[in-house]
$ cat coords.csv   # CSV, C-alpha atoms
chain,number,residue,atom,x,y,z
A,1182,MET,CA,96.9,126.5,90.0
A,1183,GLY,CA,95.0,126.8,93.3
A,1184,PHE,CA,91.3,126.3,94.0
A,1185,PHE,CA,90.7,130.1,94.2
A,1186,THR,CA,92.3,130.7,90.9
A,1187,LYS,CA,90.4,127.9,89.2
A,1188,LEU,CA,87.1,129.1,90.7
A,1189,PHE,CA,87.4,132.8,90.0
A,1190,GLY,CA,90.0,133.0,87.3
A,1191,THR,CA,92.3,135.1,89.4
A,1192,SER,CA,94.5,134.6,92.5
A,1193,LYS,CA,93.7,135.9,96.0
A,1194,GLU,CA,96.7,138.3,95.7
A,1195,GLU,CA,95.2,139.8,92.5
A,1196,VAL,CA,91.8,140.1,94.1
A,1197,ALA,CA,93.3,141.8,97.2
A,1198,MET,CA,95.3,144.2,94.9
A,1199,THR,CA,92.1,145.2,93.0
A,1200,THR,CA,89.9,145.6,96.1
A,1201,GLU,CA,92.4,147.4,98.4
A,1202,LYS,CA,91.9,151.1,98.4
A,1203,LEU,CA,94.6,153.2,96.7
A,1204,ASN,CA,96.4,156.0,98.6
A,1205,ILE,CA,96.3,159.3,96.7
A,1206,GLY,CA,98.3,162.3,97.9
A,1207,ILE,CA,97.1,165.8,97.2
A,1208,ILE,CA,100.4,167.7,97.0
A,1209,LEU,CA,100.4,171.4,97.8
A,1210,GLY,CA,102.9,173.0,95.4
A,1211,SER,CA,103.7,176.2,97.2
A,1212,THR,CA,105.5,177.1,100.4
A,1213,ARG,CA,105.2,180.9,100.1
A,1214,GLN,CA,103.8,183.1,102.8
A,1215,GLY,CA,100.2,183.9,102.2
A,1216,ARG,CA,99.8,181.0,99.8
A,1217,VAL,CA,96.3,179.8,98.9
A,1218,SER,CA,97.2,176.3,98.0
A,1219,PRO,CA,95.9,174.9,101.3
A,1220,GLN,CA,92.4,176.3,100.5
A,1221,VAL,CA,92.5,174.7,97.1
A,1222,GLY,CA,93.9,171.4,98.4
A,1223,GLU,CA,91.2,171.1,101.1
A,1224,TRP,CA,88.5,171.8,98.5
A,1225,VAL,CA,89.9,169.0,96.3
A,1226,LYS,CA,90.0,166.7,99.3
A,1227,SER,CA,86.5,167.5,100.3
A,1228,ILE,CA,85.3,166.5,96.8
A,1229,ALA,CA,87.5,163.4,96.8
A,1230,ASP,CA,86.5,162.2,100.2
A,1231,LYS,CA,82.8,162.0,99.2
A,1232,ARG,CA,83.7,159.5,96.4
A,1233,GLY,CA,84.9,156.8,98.8
A,1234,ASP,CA,87.0,155.2,96.0
A,1235,ALA,CA,90.5,155.8,97.5
A,1236,ASN,CA,92.2,157.2,100.6
A,1237,TYR,CA,93.0,160.8,100.0
A,1238,GLU,CA,95.4,162.9,102.1
A,1239,ILE,CA,96.9,166.4,101.9
A,1240,VAL,CA,100.7,166.3,101.5
A,1241,ASP,CA,102.3,169.7,102.2
A,1242,ILE,CA,105.9,170.0,101.0
A,1243,ALA,CA,106.4,172.8,103.5
A,1244,ASP,CA,106.1,170.2,106.3
A,1245,PHE,CA,109.3,168.4,105.1
A,1246,ASN,CA,111.7,171.4,105.3
A,1247,LEU,CA,113.6,170.2,102.2
A,1248,PRO,CA,116.9,172.0,101.7
A,1249,PHE,CA,117.7,173.4,98.2
A,1250,LEU,CA,118.9,170.4,96.2
A,1251,GLY,CA,122.7,170.2,96.0
A,1252,THR,CA,123.4,172.5,98.9
A,1253,THR,CA,123.7,170.0,101.7
A,1254,ASP,CA,125.0,166.4,102.2
A,1255,GLY,CA,121.5,165.1,101.8
A,1256,THR,CA,121.2,163.6,105.3
A,1257,GLU,CA,118.4,165.9,106.6
A,1258,PRO,CA,115.5,163.9,108.0
A,1259,GLY,CA,113.0,165.7,105.8
A,1260,ILE,CA,114.5,164.2,102.7
A,1261,ALA,CA,114.1,160.6,103.9
A,1262,ALA,CA,110.6,161.4,105.2
A,1263,TRP,CA,109.6,162.9,101.9
A,1264,ASN,CA,110.7,159.9,99.9
A,1265,GLU,CA,109.0,157.5,102.4
A,1266,LYS,CA,105.7,159.5,102.1
A,1267,LEU,CA,105.8,159.3,98.3
A,1268,ALA,CA,106.7,155.6,98.3
A,1269,ASN,CA,103.5,154.9,100.3
A,1270,LEU,CA,101.3,156.7,97.8
A,1271,ASP,CA,99.8,155.1,94.6
A,1272,GLY,CA,99.0,158.4,92.9
A,1273,PHE,CA,99.0,162.1,93.2
A,1274,VAL,CA,97.0,165.3,92.6
A,1275,PHE,CA,99.3,168.3,92.2
A,1276,VAL,CA,97.9,171.6,93.3
A,1277,VAL,CA,99.9,174.0,91.1
A,1278,GLN,CA,100.1,177.7,91.1
A,1279,GLU,CA,101.7,179.6,88.2
A,1280,TYR,CA,104.7,181.9,89.0
A,1281,ASN,CA,106.6,183.4,86.0
A,1282,HIS,CA,105.0,181.0,83.6
A,1283,SER,CA,106.0,177.9,85.5
A,1284,ILE,CA,105.7,175.9,88.7
A,1285,THR,CA,107.2,177.1,92.0
A,1286,GLY,CA,110.8,176.5,92.8
A,1287,ALA,CA,109.7,174.7,95.9
A,1288,LEU,CA,107.7,172.2,93.9
A,1289,LYS,CA,110.5,171.6,91.4
A,1290,ASN,CA,112.9,171.1,94.3
A,1291,ALA,CA,110.5,168.6,95.9
A,1292,LEU,CA,110.1,166.7,92.6
A,1293,ASP,CA,113.9,166.5,92.2
A,1294,PHE,CA,114.4,165.2,95.7
A,1295,ALA,CA,112.8,161.8,94.8
A,1296,ARG,CA,113.1,159.5,91.8
A,1297,GLU,CA,111.9,155.9,92.2
A,1298,ALA,CA,109.2,157.0,94.6
A,1299,TRP,CA,107.5,158.8,91.7
A,1300,ASN,CA,107.9,156.0,89.1
A,1301,ASN,CA,105.0,154.2,87.5
A,1302,LYS,CA,102.3,156.2,89.3
A,1303,ALA,CA,99.5,158.5,88.0
A,1304,ALA,CA,98.9,162.2,88.7
A,1305,GLY,CA,96.2,164.8,88.1
A,1306,ILE,CA,96.8,168.5,88.1
A,1307,VAL,CA,94.7,171.3,89.5
A,1308,SER,CA,96.2,174.6,88.6
A,1309,TYR,CA,95.4,178.3,89.2
A,1310,GLY,CA,96.7,181.6,88.1
A,1311,SER,CA,95.9,184.6,85.9
A,1312,THR,CA,95.5,182.1,83.0
A,1313,GLY,CA,94.3,179.3,85.1
A,1314,GLY,CA,97.8,178.1,85.8
A,1315,ALA,CA,97.9,176.5,82.3
A,1316,ARG,CA,101.6,177.3,81.6
A,1317,ALA,CA,102.7,175.9,85.0
A,1318,ALA,CA,100.7,172.7,84.3
A,1319,GLU,CA,102.3,172.3,80.9
A,1320,HIS,CA,105.8,172.5,82.5
A,1321,LEU,CA,104.8,170.0,85.2
A,1322,ARG,CA,103.6,167.5,82.5
A,1323,GLY,CA,107.1,167.5,81.0
A,1324,ILE,CA,108.7,166.9,84.4
A,1325,CYS,CA,106.2,164.1,85.1
A,1326,GLY,CA,107.2,162.3,81.9
A,1327,GLU,CA,110.8,162.3,83.0
A,1328,LEU,CA,109.9,160.9,86.4
A,1329,LYS,CA,107.7,158.2,84.9
A,1330,ILE,CA,104.5,159.7,86.3
A,1331,ALA,CA,101.5,159.3,84.0
A,1332,ASP,CA,99.6,162.6,84.0
A,1333,VAL,CA,96.0,162.3,83.2
A,1334,ARG,CA,94.3,164.5,80.6
A,1335,THR,CA,91.5,166.2,82.5
A,1336,HIS,CA,92.8,169.3,84.1
A,1337,PRO,CA,90.7,171.7,86.3
A,1338,THR,CA,92.0,175.2,85.9
A,1339,LEU,CA,91.1,178.0,88.4
A,1340,SER,CA,91.2,181.7,87.6
A,1341,LEU,CA,92.6,184.2,90.1
A,1342,PHE,CA,90.0,186.6,88.7
A,1343,THR,CA,86.8,184.5,88.9
A,1344,ASP,CA,87.6,181.8,91.5
A,1345,PHE,CA,89.3,183.9,94.2
A,1346,GLU,CA,88.0,187.0,96.0
A,1347,ASN,CA,90.7,189.7,96.3
A,1348,GLY,CA,93.1,187.1,95.0
A,1349,SER,CA,93.2,185.4,98.4
A,1350,GLU,CA,89.9,183.9,99.4
A,1351,PHE,CA,89.1,180.8,97.4
A,1352,LYS,CA,85.5,180.8,96.1
A,1353,PRO,CA,85.4,178.3,93.2
A,1354,HIS,CA,82.6,178.2,90.7
A,1355,GLU,CA,80.4,175.1,90.8
A,1356,LEU,CA,81.3,174.2,87.2
A,1357,HIS,CA,84.7,173.0,88.4
A,1358,LEU,CA,83.1,170.1,90.4
A,1359,THR,CA,82.5,168.1,87.2
A,1360,ASN,CA,86.1,168.5,86.1
A,1361,VAL,CA,87.6,167.6,89.5
A,1362,ASN,CA,85.5,164.4,89.6
A,1363,ALA,CA,86.5,163.5,86.0
A,1364,MET,CA,90.1,164.1,86.8
A,1365,LEU,CA,89.9,161.9,90.0
A,1366,ASP,CA,88.2,159.2,87.9
A,1367,GLU,CA,91.2,159.1,85.7
A,1368,VAL,CA,93.7,159.3,88.5
A,1369,VAL,CA,92.2,156.4,90.4
A,1370,SER,CA,91.8,154.3,87.3
A,1371,TRP,CA,95.4,154.9,86.1
A,1372,SER,CA,96.8,154.5,89.6
A,1373,GLY,CA,95.2,151.1,89.9
A,1374,ALA,CA,96.5,150.0,86.6
A,1375,LEU,CA,100.0,151.2,87.2
A,1376,LYS,CA,100.1,149.5,90.6
A,1377,THR,CA,100.2,146.2,88.7
A,1378,VAL,CA,103.4,147.4,86.9
A,1379,ARG,CA,105.1,148.2,90.2

$ encode --input "coords.csv" --output "structure tokens"
Amino acid sequence: MGFFTKLFGTSKEEVAMTTEKLNIGIILGSTRQGRVSPQVGEWVKSIADKRGDANYEIVDIADFNLPFLGTTDGTEPGIAAWNEKLANLDGFVFVVQEYNHSITGALKNALDFAREAWNNKAAGIVSYGSTGGARAAEHLRGICGELKIADVRTHPTLSLFTDFENGSEFKPHELHLTNVNAMLDEVVSWSGALKTVR
């Protein structure tokens, strides 16, 4: 047992792990033309950045040009880049839109293109749709369980009728601020705890 451990009851490595800021990716779950997920993602990031408790970044799956799983030999550079990006993140916030009572095909494809990079990390969900995207979020929670992603309970839901003007311009009600911060509290806390498991 070293001097540092005797003095503080913990090793330098453990202290560094607990004081180093976590990296949290805000994943945009849609690639469709005219999507509003970038507006929602930037809103979440603007709230998150004011907290100063982690490094937050937008991760847009559209940037990786992922092929449809199983249709290629898997050597496209976007696949490796996608896995590398996820591997460097400690937790996630999924921005999820509901299509036909579920998540988008693009998000499901992106989830399926990685495995270990998801494991033992935490995630929050911000969803939107005609019913706040609740059904898409419930589907995503089941997928998260299979990928060993611990999804947190607090779940901001945005309505296409009250939080978007003409279904396209994002104008969230202030009441969502409390839920977003509560969700981020949980994501950061769980992400830090799960880092010790990895």

$ atom_distance --input "coords.csv" --atom1 "atom CA of Asn1301 of chain A" --atom2 "atom CA of Ala1374 of chain A"
9.5 Å

$ closest_atom_pairs --input "coords.csv" --of "segment 1278-1316 of chain A" --to "segment 1202-1212 of chain A" --cutoff "9 Å" --atoms "all atoms listed in the file" --output "Markdown table"
| residue | atom | partner | partner_atom | distance |
| --- | --- | --- | --- | --- |
| A:Gln1278 | CA | A:Gly1210 | CA | 7.0 |
| A:Ile1284 | CA | A:Gly1210 | CA | 7.8 |
| A:Thr1285 | CA | A:Ser1211 | CA | 6.3 |
| A:Gly1286 | CA | A:Ser1211 | CA | 8.4 |
| A:Ala1287 | CA | A:Ser1211 | CA | 6.3 |
| A:Leu1288 | CA | A:Gly1210 | CA | 5.1 |
| A:Lys1289 | CA | A:Gly1210 | CA | 8.7 |
| A:Ala1291 | CA | A:Gly1210 | CA | 8.8 |
| A:Ala1304 | CA | A:Ile1205 | CA | 8.9 |

$ write_last_selection --input "coords.csv" --atoms "C-alpha atoms" --output "compact mmCIF listing (two decimals), in the frame of the given file"
# COMPACT_ATOMS: atom_id res chain seq x y z
CA GLN A 1278 100.10 177.70 91.10
CA ILE A 1284 105.70 175.90 88.70
CA THR A 1285 107.20 177.10 92.00
CA GLY A 1286 110.80 176.50 92.80
CA ALA A 1287 109.70 174.70 95.90
CA LEU A 1288 107.70 172.20 93.90
CA LYS A 1289 110.50 171.60 91.40
CA ALA A 1291 110.50 168.60 95.90
CA ALA A 1304 98.90 162.20 88.70

$ residues_around --input "coords.csv" --residues "segment 1341-1344 of chain A" --least-positions-apart "6" --cutoff "8 Å" --atoms "only C-alpha atoms" --output "list in words"
Tyr1309, Gly1310, Ser1311, Thr1312, Gly1313, Phe1351, Lys1352, Pro1353 and His1354 of chain A

$ atom_distance --input "coords.csv" --atom1 "atom CA of Glu1346 of chain A" --atom2 "atom CA of Pro1219 of chain A"
15.4 Å

$ closest_residue --input "coords.csv" --among "A:Asn1236, A:Ser1349, A:Asn1300, A:Asn1269" --to "Gln1220 of chain A" --atoms "only C-alpha atoms"
A:Ser1349

$ build_atoms --input "coords.csv" --residues "segment 1330-1341 of chain A" --atoms "all heavy atoms" --output "PDB file, in the coordinates of the input"
ATOM      1  N   ILE A1330     105.847 159.512  85.732  1.00  0.00           N
ATOM      2  CA  ILE A1330     104.500 159.700  86.300  1.00  0.00           C
ATOM      3  C   ILE A1330     103.573 159.934  85.107  1.00  0.00           C
ATOM      4  O   ILE A1330     103.819 160.770  84.238  1.00  0.00           O
ATOM      5  CB  ILE A1330     104.474 161.020  87.158  1.00  0.00           C
ATOM      6  CG1 ILE A1330     105.485 160.948  88.307  1.00  0.00           C
ATOM      7  CG2 ILE A1330     103.070 161.235  87.706  1.00  0.00           C
ATOM      8  CD1 ILE A1330     105.656 162.274  89.048  1.00  0.00           C
ATOM      9  N   ALA A1331     102.506 159.151  85.074  1.00  0.00           N
ATOM     10  CA  ALA A1331     101.500 159.300  84.000  1.00  0.00           C
ATOM     11  C   ALA A1331     100.505 160.329  84.372  1.00  0.00           C
ATOM     12  O   ALA A1331      99.684 160.125  85.274  1.00  0.00           O
ATOM     13  CB  ALA A1331     100.835 157.921  83.776  1.00  0.00           C
ATOM     14  N   ASP A1332     100.578 161.482  83.728  1.00  0.00           N
ATOM     15  CA  ASP A1332      99.600 162.600  84.000  1.00  0.00           C
ATOM     16  C   ASP A1332      98.373 162.416  83.217  1.00  0.00           C
ATOM     17  O   ASP A1332      98.429 162.171  82.025  1.00  0.00           O
ATOM     18  CB  ASP A1332     100.296 163.939  83.813  1.00  0.00           C
ATOM     19  CG  ASP A1332     100.854 164.093  82.416  1.00  0.00           C
ATOM     20  OD1 ASP A1332     101.790 163.354  82.075  1.00  0.00           O
ATOM     21  OD2 ASP A1332     100.347 164.954  81.682  1.00  0.00           O
ATOM     22  N   VAL A1333      97.235 162.547  83.879  1.00  0.00           N
ATOM     23  CA  VAL A1333      96.000 162.300  83.200  1.00  0.00           C
ATOM     24  C   VAL A1333      95.556 163.608  82.437  1.00  0.00           C
ATOM     25  O   VAL A1333      96.054 164.695  82.698  1.00  0.00           O
ATOM     26  CB  VAL A1333      94.851 161.937  84.209  1.00  0.00           C
ATOM     27  CG1 VAL A1333      95.256 160.672  84.957  1.00  0.00           C
ATOM     28  CG2 VAL A1333      94.514 163.058  85.181  1.00  0.00           C
ATOM     29  N   ARG A1334      94.649 163.440  81.511  1.00  0.00           N
ATOM     30  CA  ARG A1334      94.300 164.500  80.600  1.00  0.00           C
ATOM     31  C   ARG A1334      93.435 165.608  81.262  1.00  0.00           C
ATOM     32  O   ARG A1334      93.681 166.801  81.097  1.00  0.00           O
ATOM     33  CB  ARG A1334      93.560 163.971  79.383  1.00  0.00           C
ATOM     34  CG  ARG A1334      93.151 165.049  78.391  1.00  0.00           C
ATOM     35  CD  ARG A1334      92.364 164.458  77.222  1.00  0.00           C
ATOM     36  NE  ARG A1334      91.998 165.502  76.279  1.00  0.00           N
ATOM     37  CZ  ARG A1334      90.924 166.281  76.405  1.00  0.00           C
ATOM     38  NH1 ARG A1334      90.122 166.153  77.441  1.00  0.00           N
ATOM     39  NH2 ARG A1334      90.646 167.202  75.494  1.00  0.00           N
ATOM     40  N   THR A1335      92.395 165.195  81.987  1.00  0.00           N
ATOM     41  CA  THR A1335      91.500 166.200  82.500  1.00  0.00           C
ATOM     42  C   THR A1335      92.166 167.063  83.557  1.00  0.00           C
ATOM     43  O   THR A1335      92.850 166.573  84.455  1.00  0.00           O
ATOM     44  CB  THR A1335      90.255 165.475  83.187  1.00  0.00           C
ATOM     45  OG1 THR A1335      89.624 164.645  82.204  1.00  0.00           O
ATOM     46  CG2 THR A1335      89.250 166.484  83.698  1.00  0.00           C
ATOM     47  N   HIS A1336      91.985 168.369  83.397  1.00  0.00           N
ATOM     48  CA  HIS A1336      92.800 169.300  84.100  1.00  0.00           C
ATOM     49  C   HIS A1336      91.966 170.526  84.568  1.00  0.00           C
ATOM     50  O   HIS A1336      91.733 171.458  83.788  1.00  0.00           O
ATOM     51  CB  HIS A1336      93.960 169.760  83.197  1.00  0.00           C
ATOM     52  CG  HIS A1336      94.735 170.933  83.674  1.00  0.00           C
ATOM     53  ND1 HIS A1336      95.415 171.769  82.806  1.00  0.00           N
ATOM     54  CD2 HIS A1336      94.944 171.446  84.906  1.00  0.00           C
ATOM     55  CE1 HIS A1336      96.009 172.726  83.491  1.00  0.00           C
ATOM     56  NE2 HIS A1336      95.732 172.559  84.769  1.00  0.00           N
ATOM     57  N   PRO A1337      91.454 170.515  85.811  1.00  0.00           N
ATOM     58  CA  PRO A1337      90.700 171.700  86.300  1.00  0.00           C
ATOM     59  C   PRO A1337      91.628 172.898  86.418  1.00  0.00           C
ATOM     60  O   PRO A1337      92.714 172.817  86.995  1.00  0.00           O
ATOM     61  CB  PRO A1337      90.238 171.220  87.687  1.00  0.00           C
ATOM     62  CG  PRO A1337      90.299 169.729  87.649  1.00  0.00           C
ATOM     63  CD  PRO A1337      91.454 169.401  86.765  1.00  0.00           C
ATOM     64  N   THR A1338      91.198 174.006  85.841  1.00  0.00           N
ATOM     65  CA  THR A1338      92.000 175.200  85.900  1.00  0.00           C
ATOM     66  C   THR A1338      91.148 176.315  86.607  1.00  0.00           C
ATOM     67  O   THR A1338      89.987 176.533  86.284  1.00  0.00           O
ATOM     68  CB  THR A1338      92.339 175.741  84.487  1.00  0.00           C
ATOM     69  OG1 THR A1338      91.145 175.944  83.735  1.00  0.00           O
ATOM     70  CG2 THR A1338      93.226 174.735  83.765  1.00  0.00           C
ATOM     71  N   LEU A1339      91.771 176.979  87.561  1.00  0.00           N
ATOM     72  CA  LEU A1339      91.100 178.000  88.400  1.00  0.00           C
ATOM     73  C   LEU A1339      91.678 179.359  88.096  1.00  0.00           C
ATOM     74  O   LEU A1339      92.896 179.505  88.022  1.00  0.00           O
ATOM     75  CB  LEU A1339      91.269 177.631  89.862  1.00  0.00           C
ATOM     76  CG  LEU A1339      90.862 176.208  90.247  1.00  0.00           C
ATOM     77  CD1 LEU A1339      91.387 175.855  91.630  1.00  0.00           C
ATOM     78  CD2 LEU A1339      89.351 176.040  90.181  1.00  0.00           C
ATOM     79  N   SER A1340      90.813 180.333  87.965  1.00  0.00           N
ATOM     80  CA  SER A1340      91.200 181.700  87.600  1.00  0.00           C
ATOM     81  C   SER A1340      91.347 182.556  88.881  1.00  0.00           C
ATOM     82  O   SER A1340      90.434 182.576  89.711  1.00  0.00           O
ATOM     83  CB  SER A1340      90.272 182.329  86.653  1.00  0.00           C
ATOM     84  OG  SER A1340      90.561 183.707  86.505  1.00  0.00           O
ATOM     85  N   LEU A1341      92.451 183.281  88.987  1.00  0.00           N
ATOM     86  CA  LEU A1341      92.600 184.200  90.100  1.00  0.00           C
ATOM     87  C   LEU A1341      91.529 185.323  90.046  1.00  0.00           C
ATOM     88  O   LEU A1341      91.190 185.926  91.056  1.00  0.00           O
ATOM     89  CB  LEU A1341      93.986 184.881  90.047  1.00  0.00           C
ATOM     90  CG  LEU A1341      95.160 184.021  90.492  1.00  0.00           C
ATOM     91  CD1 LEU A1341      96.458 184.785  90.326  1.00  0.00           C
ATOM     92  CD2 LEU A1341      95.000 183.571  91.939  1.00  0.00           C
TER      93      LEU A1341
END
